[in-house]
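K.L.:
Input upload_19.cif, format and content: mmCIF, C-alpha atoms.
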```cif
data_start
loop_
_atom_site.group_PDB
_atom_site.id
_atom_site.type_symbol
_atom_site.label_atom_id
_atom_site.label_comp_id
_atom_site.auth_asym_id
_atom_site.auth_seq_id
_atom_site.Cartn_x
_atom_site.Cartn_y
_atom_site.Cartn_z
ATOM 1 C CA ASN G 171 98.503 74.024 101.258
ATOM 2 C CA GLU G 172 95.669 76.511 101.769
ATOM 3 C CA GLU G 173 92.744 74.242 102.631
ATOM 4 C CA ALA G 174 91.809 76.424 105.609
ATOM 5 C CA GLU G 175 91.511 79.645 103.569
ATOM 6 C CA ILE G 176 90.971 78.957 99.858
ATOM 7 C CA GLY G 177 87.244 78.223 100.102
ATOM 8 C CA ASP G 178 86.311 81.582 101.631
ATOM 9 C CA CYS G 179 88.630 83.405 99.234
ATOM 10 C CA LEU G 180 87.015 81.768 96.214
ATOM 11 C CA ARG G 181 83.495 82.475 97.457
ATOM 12 C CA SER G 182 84.362 86.170 97.710
ATOM 13 C CA LEU G 183 85.753 86.099 94.175
ATOM 14 C CA LEU G 184 82.685 84.355 92.803
ATOM 15 C CA GLN G 185 80.501 87.112 94.296
ATOM 16 C CA GLN G 186 82.279 89.913 92.416
ATOM 17 C CA ARG G 187 79.882 92.261 90.620
ATOM 18 C CA HIS G 188 82.339 93.147 87.866
ATOM 19 C CA PRO G 189 80.793 91.992 84.570
ATOM 20 C CA ASP G 190 83.809 90.114 83.212
ATOM 21 C CA VAL G 191 85.906 88.225 85.744
ATOM 22 C CA GLU G 192 88.089 85.237 84.934
ATOM 23 C CA ILE G 193 89.242 83.273 87.989
ATOM 24 C CA VAL G 194 92.399 81.200 87.693
ATOM 25 C CA VAL G 195 93.799 79.344 90.724
ATOM 26 C CA LEU G 196 97.302 77.940 90.803
ATOM 27 C CA ASP G 197 97.798 74.911 93.010
ATOM 28 C CA ASP G 198 101.478 75.136 93.901
ATOM 29 C CA ARG G 199 102.073 71.414 94.468
ATOM 30 C CA SER G 200 99.808 71.208 97.530
ATOM 31 C CA THR G 201 99.628 68.016 99.573
ATOM 32 C CA ASP G 202 96.392 68.801 101.426
ATOM 33 C CA ARG G 203 92.772 69.288 100.232
ATOM 34 C CA THR G 204 93.417 72.619 98.487
ATOM 35 C CA ALA G 205 92.742 71.342 94.961
ATOM 36 C CA ALA G 206 89.629 69.399 95.996
ATOM 37 C CA ILE G 207 88.157 72.482 97.694
ATOM 38 C CA VAL G 208 88.837 74.635 94.618
ATOM 39 C CA ARG G 209 86.990 72.143 92.421
ATOM 40 C CA ALA G 210 84.078 71.841 94.855
ATOM 41 C CA VAL G 211 83.619 75.575 95.420
ATOM 42 C CA GLY G 212 84.551 76.865 91.992
ATOM 43 C CA GLY G 213 83.004 74.304 89.699
ATOM 44 C CA ASP G 214 83.168 75.327 86.054
ATOM 45 C CA ARG G 215 83.557 79.032 86.965
ATOM 46 C CA VAL G 216 87.119 78.559 88.209
ATOM 47 C CA ARG G 217 90.075 77.262 86.215
ATOM 48 C CA LEU G 218 92.525 75.239 88.323
ATOM 49 C CA VAL G 219 96.127 75.181 87.091
ATOM 50 C CA GLN G 220 98.681 72.763 88.480
ATOM 51 C CA GLY G 221 101.925 74.546 89.262
ATOM 52 C CA GLU G 222 105.153 73.382 87.710
ATOM 53 C CA GLU G 223 108.243 72.611 89.745
ATOM 54 C CA LEU G 224 110.092 75.655 91.051
ATOM 55 C CA PRO G 225 113.033 76.497 88.752
ATOM 56 C CA ASP G 226 116.415 77.608 90.052
ATOM 57 C CA GLY G 227 116.655 81.338 90.631
ATOM 58 C CA TRP G 228 112.966 81.873 91.430
ATOM 59 C CA THR G 229 111.073 82.448 94.659
ATOM 60 C CA GLY G 230 107.868 80.457 95.023
ATOM 61 C CA LYS G 231 105.562 83.509 94.975
ATOM 62 C CA ASN G 232 107.162 84.993 91.849
ATOM 63 C CA TRP G 233 106.984 81.656 90.049
ATOM 64 C CA ALA G 234 103.338 81.162 90.985
ATOM 65 C CA CYS G 235 102.365 84.667 89.833
ATOM 66 C CA HIS G 236 104.335 84.250 86.607
ATOM 67 C CA GLN G 237 102.437 81.063 85.761
ATOM 68 C CA LEU G 238 99.113 82.715 86.591
ATOM 69 C CA ALA G 239 99.894 85.701 84.370
ATOM 70 C CA GLN G 240 100.634 83.339 81.499
ATOM 71 C CA ALA G 241 97.402 81.399 82.066
ATOM 72 C CA ALA G 242 95.143 84.458 82.390
ATOM 73 C CA THR G 243 93.591 86.014 79.271
ATOM 74 C CA GLY G 244 92.390 89.395 80.561
ATOM 75 C CA ASP G 245 93.679 92.903 79.930
ATOM 76 C CA VAL G 246 93.834 93.517 83.692
ATOM 77 C CA LEU G 247 95.507 91.162 86.164
ATOM 78 C CA CYS G 248 94.374 91.000 89.797
ATOM 79 C CA PHE G 249 96.723 88.896 91.912
ATOM 80 C CA VAL G 250 94.918 87.600 95.022
ATOM 81 C CA ASP G 251 96.410 85.599 97.886
ATOM 82 C CA ALA G 252 94.465 82.615 99.181
ATOM 83 C CA ASP G 253 93.975 84.182 102.629
ATOM 84 C CA THR G 254 92.430 87.355 101.207
ATOM 85 C CA HIS G 255 88.713 88.201 101.119
ATOM 86 C CA LEU G 256 87.155 90.719 98.726
ATOM 87 C CA ALA G 257 83.919 92.653 99.076
ATOM 88 C CA PRO G 258 81.613 92.230 96.037
ATOM 89 C CA ASP G 259 82.631 95.607 94.542
ATOM 90 C CA ALA G 260 86.393 95.233 95.084
ATOM 91 C CA VAL G 261 87.374 94.270 91.530
ATOM 92 C CA SER G 262 85.053 96.838 89.958
ATOM 93 C CA SER G 263 86.499 99.537 92.190
ATOM 94 C CA VAL G 264 90.173 98.876 91.398
ATOM 95 C CA VAL G 265 89.517 98.426 87.675
ATOM 96 C CA SER G 266 87.633 101.718 87.663
ATOM 97 C CA THR G 267 90.599 103.413 89.361
ATOM 98 C CA LEU G 268 92.999 101.849 86.871
ATOM 99 C CA VAL G 269 90.983 103.028 83.857
ATOM 100 C CA THR G 270 89.827 106.408 85.158
ATOM 101 C CA HIS G 271 93.301 107.562 86.139
ATOM 102 C CA GLY G 272 95.075 105.817 83.276
ATOM 103 C CA VAL G 273 97.625 104.164 85.569
ATOM 104 C CA GLY G 274 99.464 100.883 85.205
ATOM 105 C CA LEU G 275 99.112 99.532 88.741
ATOM 106 C CA VAL G 276 96.759 100.015 91.693
ATOM 107 C CA ALA G 277 98.005 99.264 95.215
ATOM 108 C CA VAL G 278 95.216 98.716 97.733
ATOM 109 C CA MET G 279 95.764 99.373 101.426
ATOM 110 C CA LEU G 280 94.120 96.428 103.181
ATOM 111 C CA ARG G 281 92.359 95.726 106.441
ATOM 112 C CA SER G 282 94.281 93.252 108.603
ATOM 113 C CA ASP G 283 92.304 90.287 109.943
ATOM 114 C CA THR G 284 93.690 89.431 113.378
ATOM 115 C CA ASP G 285 93.169 86.673 115.904
ATOM 116 C CA GLY G 286 95.092 87.172 119.117
ATOM 117 C CA VAL G 287 96.952 89.898 120.963
ATOM 118 C CA ALA G 288 100.216 89.682 119.007
ATOM 119 C CA GLU G 289 98.539 90.220 115.640
ATOM 120 C CA ALA G 290 96.291 92.995 116.947
ATOM 121 C CA VAL G 291 99.219 94.892 118.489
ATOM 122 C CA LEU G 292 101.839 94.412 115.768
ATOM 123 C CA LEU G 293 100.066 94.370 112.408
ATOM 124 C CA PRO G 294 98.687 97.946 112.582
ATOM 125 C CA MET G 295 102.263 99.026 111.890
ATOM 126 C CA VAL G 296 101.746 97.996 108.254
ATOM 127 C CA ASN G 297 99.210 100.730 107.529
ATOM 128 C CA HIS G 298 100.900 103.174 109.917
ATOM 129 C CA ALA G 299 104.206 102.822 108.072
ATOM 130 C CA VAL G 300 102.549 103.133 104.676
ATOM 131 C CA LEU G 301 100.702 106.313 105.586
ATOM 132 C CA GLY G 302 103.649 107.778 107.452
ATOM 133 C CA LEU G 303 106.553 106.883 105.163
ATOM 134 C CA PHE G 304 105.012 106.917 101.690
ATOM 135 C CA PRO G 305 103.437 110.312 100.898
ATOM 136 C CA THR G 306 100.553 109.529 98.573
ATOM 137 C CA SER G 307 101.125 112.584 96.402
ATOM 138 C CA LEU G 308 104.725 111.532 95.703
ATOM 139 C CA ILE G 309 103.679 107.978 94.913
ATOM 140 C CA HIS G 310 101.195 109.328 92.378
ATOM 141 C CA ARG G 311 103.303 112.092 90.837
ATOM 142 C CA SER G 312 106.952 111.157 91.145
ATOM 143 C CA THR G 313 108.541 109.066 88.402
ATOM 144 C CA HIS G 314 111.244 107.721 90.714
ATOM 145 C CA PRO G 315 110.874 103.912 90.951
ATOM 146 C CA ASP G 316 111.638 103.849 94.676
ATOM 147 C CA LEU G 317 108.517 105.934 95.337
ATOM 148 C CA ALA G 318 106.269 102.988 94.584
ATOM 149 C CA ILE G 319 104.300 100.581 96.703
ATOM 150 C CA GLY G 320 102.390 97.348 96.259
ATOM 151 C CA PHE G 321 100.387 95.016 98.491
ATOM 152 C CA GLY G 322 100.796 91.384 97.486
ATOM 153 C CA PRO G 323 97.517 90.020 98.893
ATOM 154 C CA PHE G 324 95.570 92.052 96.303
ATOM 155 C CA LEU G 325 97.549 93.723 93.541
ATOM 156 C CA THR G 326 96.018 94.982 90.285
ATOM 157 C CA VAL G 327 98.052 95.779 87.170
ATOM 158 C CA SER G 328 97.194 96.304 83.527
ATOM 159 C CA ARG G 329 98.518 93.698 81.110
ATOM 160 C CA ASP G 330 100.360 96.407 79.175
ATOM 161 C CA ALA G 331 102.143 97.691 82.280
ATOM 162 C CA TYR G 332 102.901 94.164 83.475
ATOM 163 C CA ASP G 333 104.477 93.204 80.163
ATOM 164 C CA ALA G 334 106.385 96.488 79.887
ATOM 165 C CA ALA G 335 107.845 95.896 83.353
ATOM 166 C CA GLY G 336 108.847 92.345 82.467
ATOM 167 C CA GLY G 337 106.346 90.911 84.932
ATOM 168 C CA HIS G 338 107.547 88.693 87.737
ATOM 169 C CA ALA G 339 110.152 87.223 85.382
ATOM 170 C CA ALA G 340 112.127 90.478 85.434
ATOM 171 C CA HIS G 341 113.247 89.872 89.034
ATOM 172 C CA PRO G 342 112.413 86.218 89.681
ATOM 173 C CA ASN G 343 114.367 85.819 92.906
ATOM 174 C CA HIS G 344 113.323 89.043 94.647
ATOM 175 C CA VAL G 345 111.840 88.177 98.024
ATOM 176 C CA VAL G 346 109.429 91.162 98.131
ATOM 177 C CA ASP G 347 107.513 90.509 94.921
ATOM 178 C CA ASP G 348 104.832 93.192 95.360
ATOM 179 C CA MET G 349 107.189 96.105 95.987
ATOM 180 C CA ARG G 350 109.550 94.936 93.254
ATOM 181 C CA LEU G 351 106.734 94.720 90.686
ATOM 182 C CA ALA G 352 105.443 98.175 91.620
ATOM 183 C CA ARG G 353 108.915 99.653 91.200
ATOM 184 C CA SER G 354 109.357 97.885 87.875
ATOM 185 C CA VAL G 355 106.018 99.182 86.600
ATOM 186 C CA LYS G 356 106.966 102.744 87.494
ATOM 187 C CA ALA G 357 110.446 102.322 86.015
ATOM 188 C CA ALA G 358 108.777 101.189 82.779
ATOM 189 C CA GLY G 359 107.019 104.555 82.538
ATOM 190 C CA HIS G 360 103.619 103.686 84.004
ATOM 191 C CA GLU G 361 102.044 105.551 86.906
ATOM 192 C CA ILE G 362 100.750 103.757 89.976
ATOM 193 C CA ARG G 363 97.935 104.617 92.346
ATOM 194 C CA LEU G 364 97.541 103.971 96.079
ATOM 195 C CA VAL G 365 93.957 103.695 97.348
ATOM 196 C CA ASN G 366 92.394 102.935 100.704
ATOM 197 C CA GLY G 367 90.604 99.633 100.286
ATOM 198 C CA THR G 368 90.102 98.703 103.935
ATOM 199 C CA ASP G 369 86.344 98.604 103.289
ATOM 200 C CA LEU G 370 86.833 96.311 100.277
ATOM 201 C CA VAL G 371 89.710 93.939 101.037
ATOM 202 C CA SER G 372 90.909 92.121 104.134
ATOM 203 C CA THR G 373 93.715 89.647 104.585
ATOM 204 C CA ARG G 374 95.229 87.447 107.261
ATOM 205 C CA TRP G 375 98.839 88.575 106.950
ATOM 206 C CA TYR G 376 100.236 86.177 109.552
ATOM 207 C CA HIS G 377 99.190 83.727 112.228
ATOM 208 C CA GLY G 378 100.746 84.457 115.596
ATOM 209 C CA LEU G 379 103.923 86.083 116.859
ATOM 210 C CA ARG G 380 106.367 83.545 115.433
ATOM 211 C CA GLU G 381 104.998 83.836 111.902
ATOM 212 C CA ILE G 382 104.972 87.631 112.093
ATOM 213 C CA TRP G 383 108.634 87.632 113.101
ATOM 214 C CA HIS G 384 109.700 85.260 110.340
ATOM 215 C CA GLY G 385 107.539 86.936 107.702
ATOM 216 C CA PHE G 386 108.798 90.442 108.278
ATOM 217 C CA SER G 387 112.366 89.310 108.845
ATOM 218 C CA LYS G 388 112.088 87.815 105.366
ATOM 219 C CA ASN G 389 110.628 90.945 103.768
ATOM 220 C CA ALA G 390 111.943 94.003 105.610
ATOM 221 C CA TYR G 391 115.393 94.290 103.989
ATOM 222 C CA GLY G 392 114.041 93.836 100.479
ATOM 223 C CA GLY G 393 111.177 96.193 101.258
ATOM 224 C CA ILE G 394 113.648 99.064 101.606
ATOM 225 C CA ALA G 395 115.461 97.990 98.422
ATOM 226 C CA TYR G 396 118.386 96.421 100.329
ATOM 227 C CA ARG G 397 119.617 99.795 101.529
ATOM 228 C CA SER G 398 121.619 99.005 104.646
ATOM 229 C CA GLY G 399 122.268 102.709 105.304
ATOM 230 C CA LEU G 400 118.550 103.429 105.379
ATOM 231 C CA ALA G 401 118.024 100.486 107.728
ATOM 232 C CA LEU G 402 120.768 101.773 110.013
ATOM 233 C CA LEU G 403 119.129 105.201 110.068
ATOM 234 C CA ALA G 404 115.728 103.681 110.888
ATOM 235 C CA VAL G 405 117.013 101.437 113.685
ATOM 236 C CA LEU G 406 119.580 103.702 115.333
ATOM 237 C CA VAL G 407 118.070 107.149 114.759
ATOM 238 C CA LEU G 408 114.368 107.046 113.916
ATOM 239 C CA THR G 409 113.406 104.334 116.411
ATOM 240 C CA PRO G 410 115.005 106.092 119.436
ATOM 241 C CA ILE G 411 113.340 109.344 118.390
ATOM 242 C CA LEU G 412 109.936 107.647 118.280
ATOM 243 C CA VAL G 413 110.376 105.671 121.507
ATOM 244 C CA SER G 414 112.279 108.058 123.781
ATOM 245 C CA PRO G 415 109.249 110.268 124.624
ATOM 246 C CA PHE G 416 107.456 107.221 126.035
ATOM 247 C CA VAL G 417 110.521 106.221 128.054
ATOM 248 C CA ARG G 418 110.835 109.758 129.428
ATOM 249 C CA LEU G 419 107.133 109.738 130.274
ATOM 250 C CA ILE G 420 107.462 106.504 132.256
ATOM 251 C CA VAL G 421 110.542 107.800 134.058
ATOM 252 C CA GLY G 422 108.783 111.077 134.783
ATOM 253 C CA LEU G 423 105.721 109.348 136.190
ATOM 254 C CA SER G 424 107.914 107.238 138.465
ATOM 255 C CA THR G 425 109.690 110.333 139.812
ATOM 256 C CA GLY G 426 106.610 112.517 139.952
ATOM 257 C CA SER G 427 107.884 115.054 137.429
ATOM 258 C CA VAL G 428 106.825 114.900 133.779
ATOM 259 C CA PRO G 429 108.069 117.737 131.524
ATOM 260 C CA GLY G 430 105.342 119.356 129.471
ATOM 261 C CA GLU G 431 107.162 118.844 126.191
ATOM 262 C CA VAL G 432 107.277 115.098 126.856
ATOM 263 C CA VAL G 433 103.510 114.996 127.286
ATOM 264 C CA MET G 434 103.127 116.925 124.050
ATOM 265 C CA GLN G 435 105.477 114.604 122.148
ATOM 266 C CA VAL G 436 103.697 111.477 123.389
ATOM 267 C CA ALA G 437 100.310 112.992 122.568
ATOM 268 C CA LEU G 438 101.382 113.865 119.016
ATOM 269 C CA LEU G 439 102.788 110.399 118.392
ATOM 270 C CA LEU G 440 99.657 108.697 119.715
ATOM 271 C CA VAL G 441 97.345 110.994 117.767
ATOM 272 C CA GLY G 442 99.277 110.151 114.601
ATOM 273 C CA ARG G 443 98.913 106.461 115.322
ATOM 274 C CA LEU G 444 95.232 106.924 116.191
ATOM 275 C CA ILE G 445 94.594 108.558 112.819
ATOM 276 C CA THR G 446 96.283 105.766 110.854
ATOM 277 C CA SER G 447 94.486 103.129 112.932
ATOM 278 C CA ILE G 448 91.130 104.739 112.176
ATOM 279 C CA VAL G 449 91.937 104.961 108.473
ATOM 280 C CA GLY G 450 93.284 101.407 108.414
ATOM 281 C CA ARG G 451 90.437 100.038 110.582
ATOM 282 C CA ASP G 452 92.910 98.620 113.069
ATOM 283 C CA PRO G 453 92.007 97.928 116.732
ATOM 284 C CA LEU G 454 92.016 101.263 118.553
ATOM 285 C CA TRP G 455 92.796 99.685 121.924
ATOM 286 C CA THR G 456 96.300 98.954 120.632
ATOM 287 C CA VAL G 457 97.158 102.646 120.118
ATOM 288 C CA PRO G 458 98.697 103.112 123.623
ATOM 289 C CA LEU G 459 100.972 100.132 122.881
ATOM 290 C CA HIS G 460 102.461 101.907 119.875
ATOM 291 C CA PRO G 461 106.037 102.035 121.289
ATOM 292 C CA VAL G 462 105.986 98.244 121.659
ATOM 293 C CA THR G 463 104.995 97.972 118.028
ATOM 294 C CA VAL G 464 107.772 100.331 116.910
ATOM 295 C CA VAL G 465 110.464 98.449 118.839
ATOM 296 C CA PHE G 466 109.304 95.101 117.467
ATOM 297 C CA TRP G 467 109.412 96.251 113.852
ATOM 298 C CA ALA G 468 112.811 97.870 114.353
ATOM 299 C CA ALA G 469 114.053 94.530 115.668
ATOM 300 C CA THR G 470 112.692 92.645 112.645
ATOM 301 C CA LEU G 471 114.352 95.141 110.303
ATOM 302 C CA ALA G 472 117.676 94.809 112.113
ATOM 303 C CA TRP G 473 117.453 91.022 111.991
ATOM 304 C CA SER G 474 116.420 91.054 108.325
ATOM 305 C CA VAL G 475 119.461 93.176 107.421
ATOM 306 C CA THR G 476 121.687 90.860 109.448
ATOM 307 C CA LEU G 477 120.334 87.826 107.598
ATOM 308 C CA GLY G 478 120.704 89.534 104.251
ATOM 309 C CA MET G 479 124.225 90.830 104.750
ATOM 310 C CA THR G 480 125.476 87.477 106.055
ATOM 311 C CA GLY G 481 123.951 85.559 103.156
ATOM 312 C CA ARG G 482 121.510 83.609 105.300
ATOM 313 C CA SER G 483 118.002 82.501 104.381
ATOM 314 C CA VAL G 484 114.726 81.763 106.148
ATOM 315 C CA THR G 485 112.221 78.937 105.840
ATOM 316 C CA TRP G 486 108.889 80.137 104.467
ATOM 317 C CA LYS G 487 106.010 77.970 103.249
ATOM 318 C CA GLY G 488 108.311 74.969 103.452
ATOM 319 C CA ARG G 489 111.020 76.500 101.262
ATOM 320 C CA ARG G 490 114.334 78.203 101.932
ATOM 321 C CA VAL G 491 114.154 81.857 100.866
ATOM 322 C CA ALA G 492 117.232 84.071 100.555
ATOM 323 C CA VAL G 493 116.856 87.396 102.367
ATOM 324 C CA GLY G 494 119.777 89.346 100.906
ATOM 325 C CA ASP G 495 120.300 91.311 97.725
ATOM 326 C CA ARG G 496 121.130 89.492 94.522
ATOM 327 C CA ARG G 497 122.679 91.409 91.703
ATOM 328 C CA SER G 498 120.005 90.270 89.230
ATOM 329 C CA ASP G 499 117.451 92.114 91.340
ATOM 330 C CA SER G 500 119.196 95.468 91.250
#
```
Output the file's structure as C-alpha cells, nothing else.

P.N.:
Amino acid sequence: NEEAEIGDCLRSLLQQRHPDVEIVVLDDRSTDRTAAIVRAVGGDRVRLVQGEELPDGWTGKNWACHQLAQAATGDVLCFVDADTHLAPDAVSSVVSTLVTHGVGLVAVMLRSDTDGVAEAVLLPMVNHAVLGLFPTSLIHRSTHPDLAIGFGPFLTVSRDAYDAAGGHAAHPNHVVDDMRLARSVKAAGHEIRLVNGTDLVSTRWYHGLREIWHGFSKNAYGGIAYRSGLALLAVLVLTPILVSPFVRLIVGLSTGSVPGEVVMQVALLLVGRLITSIVGRDPLWTVPLHPVTVVFWAATLAWSVTLGMTGRSVTWKGRRVAVGDRRSDS
C-alpha cells in the first residue's frame, strides 16, 4: 500500500540516464491504488508483477525481493524501496562503481527525507553510526562477513554475486534483509563497496516518532547480528561514555563550575557529529541535540534485544515480524 509514494519513485526511475534500465515493480497484495498508479505512471516502460502469498518462514521484504530477482533479466540488480527517490545519474553511478572496482555489491549512504522534529533529530544517527562504527577501509578490504553493510532503500548487487550468496532465499526470515545480504555476498567471496550517495538518493525512512521506534526496534538486534554481548556493551558502556560529558556540562553550568576537560569532550563529540551531518546532508540545527539522539537509539537497541531474547515480534506493514535470532539465519 504505497499509493502516496510510488508515483514519485517511479518518475525518478523513468528519468534515469543509464542506457539500459529494466523497471520491475512488485505489488505485494496492495489494497489501495498502488497498482493503478504504477500502470498510469509507468505505462509500457514498467513491468508490474503481482506478488504471491507470503510463504511460511519468510519475511515480507525478503519474499518481495526474491520474486523481483526472479522476474528481472539484468546482470545487475538494483533494489529500490517505494519511498526512495533517485537523481537521474544514480543508477549509472552505482553501476560504474560496481564495474570499475569489480565488486559484488554497492551500498549507498542515503540522504534522509524528514518532515517534523522527531525525524530531523533522530534519523541523522543512521549516517553518524555508519561513519563512526563502520570504517570504510575495513569494509572494502576485510573479507570478514561481519564487516559489511547494506542500505535497503537502494541496494545494488551483481547477478553473479547475488546468486553466489544465495540471494534473499539464503536467509528468508532474517528481519534485516539489507545487512544480511551484504554479509552473504562478502561470505561468498565478493567484495562490497560503500559510497556516499546523499547527492543521488534520498529516502523517507520513517514517518513520525512512533514509526521510528517500531522500525528500529525491529531492526536493531538483527543489525548487530544478534550479538547480545555487543548490545550490552553499547547500551551500558558506550552510551554512558557518549552522554556523560553533556550531563557533566549541564551540572557544571548549574553550579557555575565547568571543568575544561568536559568542555573539550563535548566539543569533540559535537564536532564529530557535525562532520557526519555535513557529509550525510542532515539538518545541522540538530547537532546540539546529539545526546538526545544517542539515548533514543540506545533505548531502541535495548528494547530490540529484549524483544528478540524473549521471542516476541512486532507489527510492521500489517504483518507480525519476529525480532529474534533464528538458527536458519546464523

K.L.:
Contacts between segment 403-408 of chain G and segment 451-494 of chain G, please, where a residue of segment 451-494 of chain G counts if it comes within 10 Å (with only C-alpha atoms); show its shortest atom pair and distance in Å to one decimal, rows by chain and ascending number, as a tab-separated table.

P.N.:
```
residue	atom	partner	partner_atom	distance
G:Val464	CA	G:Val405	CA	9.8
G:Val465	CA	G:Val405	CA	8.9
G:Trp467	CA	G:Val405	CA	9.2
G:Ala468	CA	G:Val405	CA	5.6
G:Ala469	CA	G:Val405	CA	7.8
G:Thr470	CA	G:Val405	CA	9.9
G:Leu471	CA	G:Val405	CA	7.6
G:Ala472	CA	G:Val405	CA	6.8
```

K.L.:
Evaluate the PyMOL selection byres ((chain G and resi 281) around 7) against this structure - the residues, as number ranges by chain, please.

P.N.:
G: 280, 282-283, 368, 371-373, 450-451

K.L.:
Quick one: distance from atom CA of Val291 of chain G to atom CA of Thr463 of chain G in Å, one decimal?

P.N.:
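Separation of atom CA of Val291 of chain G and atom CA of Thr463 of chain G: 6.6 Å.
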
K.L.:
G:His298, G:Arg397, G:Arg209, G:Lys388: which is nearest Arg490 of chain G, counting all atoms listed in the file?

P.N.:
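The closest residue to Arg490 of chain G is G:Lys388.
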
K.L.:
So which residues touch Gln240 of chain G within 12 Å, counting only C-alpha atoms, skipping near sequence neighbours fewer than 4 positions away, as a list of chain:residue names?

P.N.:
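These residues fall inside the cut-off: G:Val194, G:Leu196, G:Val219, G:Gly221, G:Trp233, G:Ala234, G:Cys235, G:His236, G:Gly244, G:Asp245, G:Leu247, G:Arg329, G:Tyr332, G:Asp333, G:Gly337, G:His338, G:Ala339.
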
K.L.:
Could you expand the PyMOL selection byres ((chain G and resi 174) around 10) into the explicit residues it covers here, written as number ranges by chain?

P.N.:
G: 171-173, 175-179, 202-204, 207, 252-253

K.L.:
Evaluated on this file, the PyMOL selection byres ((chain G and resi 274) around 9) picks out some residues - which ones are they, written as an mmCIF file with C-alpha atoms, in the coordinates of the input?

P.N.:
```
data_model
loop_
_atom_site.group_PDB
_atom_site.id
_atom_site.type_symbol
_atom_site.label_atom_id
_atom_site.label_comp_id
_atom_site.auth_asym_id
_atom_site.auth_seq_id
_atom_site.Cartn_x
_atom_site.Cartn_y
_atom_site.Cartn_z
ATOM 1 C CA LEU G 268 92.999 101.849 86.871
ATOM 2 C CA VAL G 269 90.983 103.028 83.857
ATOM 3 C CA GLY G 272 95.075 105.817 83.276
ATOM 4 C CA VAL G 273 97.625 104.164 85.569
ATOM 5 C CA LEU G 275 99.112 99.532 88.741
ATOM 6 C CA VAL G 276 96.759 100.015 91.693
ATOM 7 C CA THR G 326 96.018 94.982 90.285
ATOM 8 C CA VAL G 327 98.052 95.779 87.170
ATOM 9 C CA SER G 328 97.194 96.304 83.527
ATOM 10 C CA ARG G 329 98.518 93.698 81.110
ATOM 11 C CA ASP G 330 100.360 96.407 79.175
ATOM 12 C CA ALA G 331 102.143 97.691 82.280
ATOM 13 C CA TYR G 332 102.901 94.164 83.475
ATOM 14 C CA VAL G 355 106.018 99.182 86.600
ATOM 15 C CA LYS G 356 106.966 102.744 87.494
ATOM 16 C CA GLY G 359 107.019 104.555 82.538
ATOM 17 C CA HIS G 360 103.619 103.686 84.004
ATOM 18 C CA GLU G 361 102.044 105.551 86.906
ATOM 19 C CA ILE G 362 100.750 103.757 89.976
ATOM 20 C CA ARG G 363 97.935 104.617 92.346
#
```

K.L.:
To one decimal place, how far is atom CA of Leu440 of chain G from atom CA of Val457 of chain G in Å?

P.N.:
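For atom CA of Leu440 of chain G relative to atom CA of Val457 of chain G, the distance reads 6.6 Å.
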
K.L.:
Between atom CA of Ser483 of chain G and atom CA of Gly336 of chain G, what is the distance, to one decimal in Å?

P.N.:
25.7 Å

K.L.:
Using only C-alpha atoms, which of G:Ser182, G:Ser200, G:Thr313, G:Ser307 sits nearest Thr254 of chain G?

P.N.:
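Checking each of G:Ser182, G:Ser200, G:Thr313, G:Ser307 against Thr254 of chain G, counting only C-alpha atoms, the winner is G:Ser182.
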
K.L.:
List the spatial neighbours of Phe304 of chain G as a list in words - criterion: any atom at most 12 Å away, only C-alpha atoms, same-chain residues fewer than 3 positions off excluded.

P.N.:
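Once the nearby chain positions are removed, what remains is Met279, Val296, Asn297, His298, Ala299, Val300, Leu301, Ser307, Leu308, Ile309, His310, Ser312, Asp316, Leu317, Ala318, Ile319, Gly320, Arg363, Leu364 and Ile394 of chain G.
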
K.L.:
If you count all atoms listed in the file, which residues fall within 6 Å of Leu325 of chain G, apart from same-chain ones fewer than 4 positions away, as an MDAnalysis selection string?

P.N.:
chainID G and resid 248:249 277 321

K.L.:
If the box runs along x, y and z of the file and leaves 6 Å on each side of segment 423-430 of chain G, what are its centre and edge lengths in Å, one decimal, as lines of an AutoDock Vina configuration file?

P.N.:
```
center_x = 107.5
center_y = 113.3
center_z = 134.7
size_x = 16.3
size_y = 24.1
size_z = 22.5
```

K.L.:
Can you list, as a ChimeraX atom specification, every protein, DNA or RNA residue that comes within 8 Å of segment 212-216 of chain G when you count only C-alpha atoms, leaving out same-chain residues fewer than 5 positions away?

P.N.:
/G:180-181,184,192-195
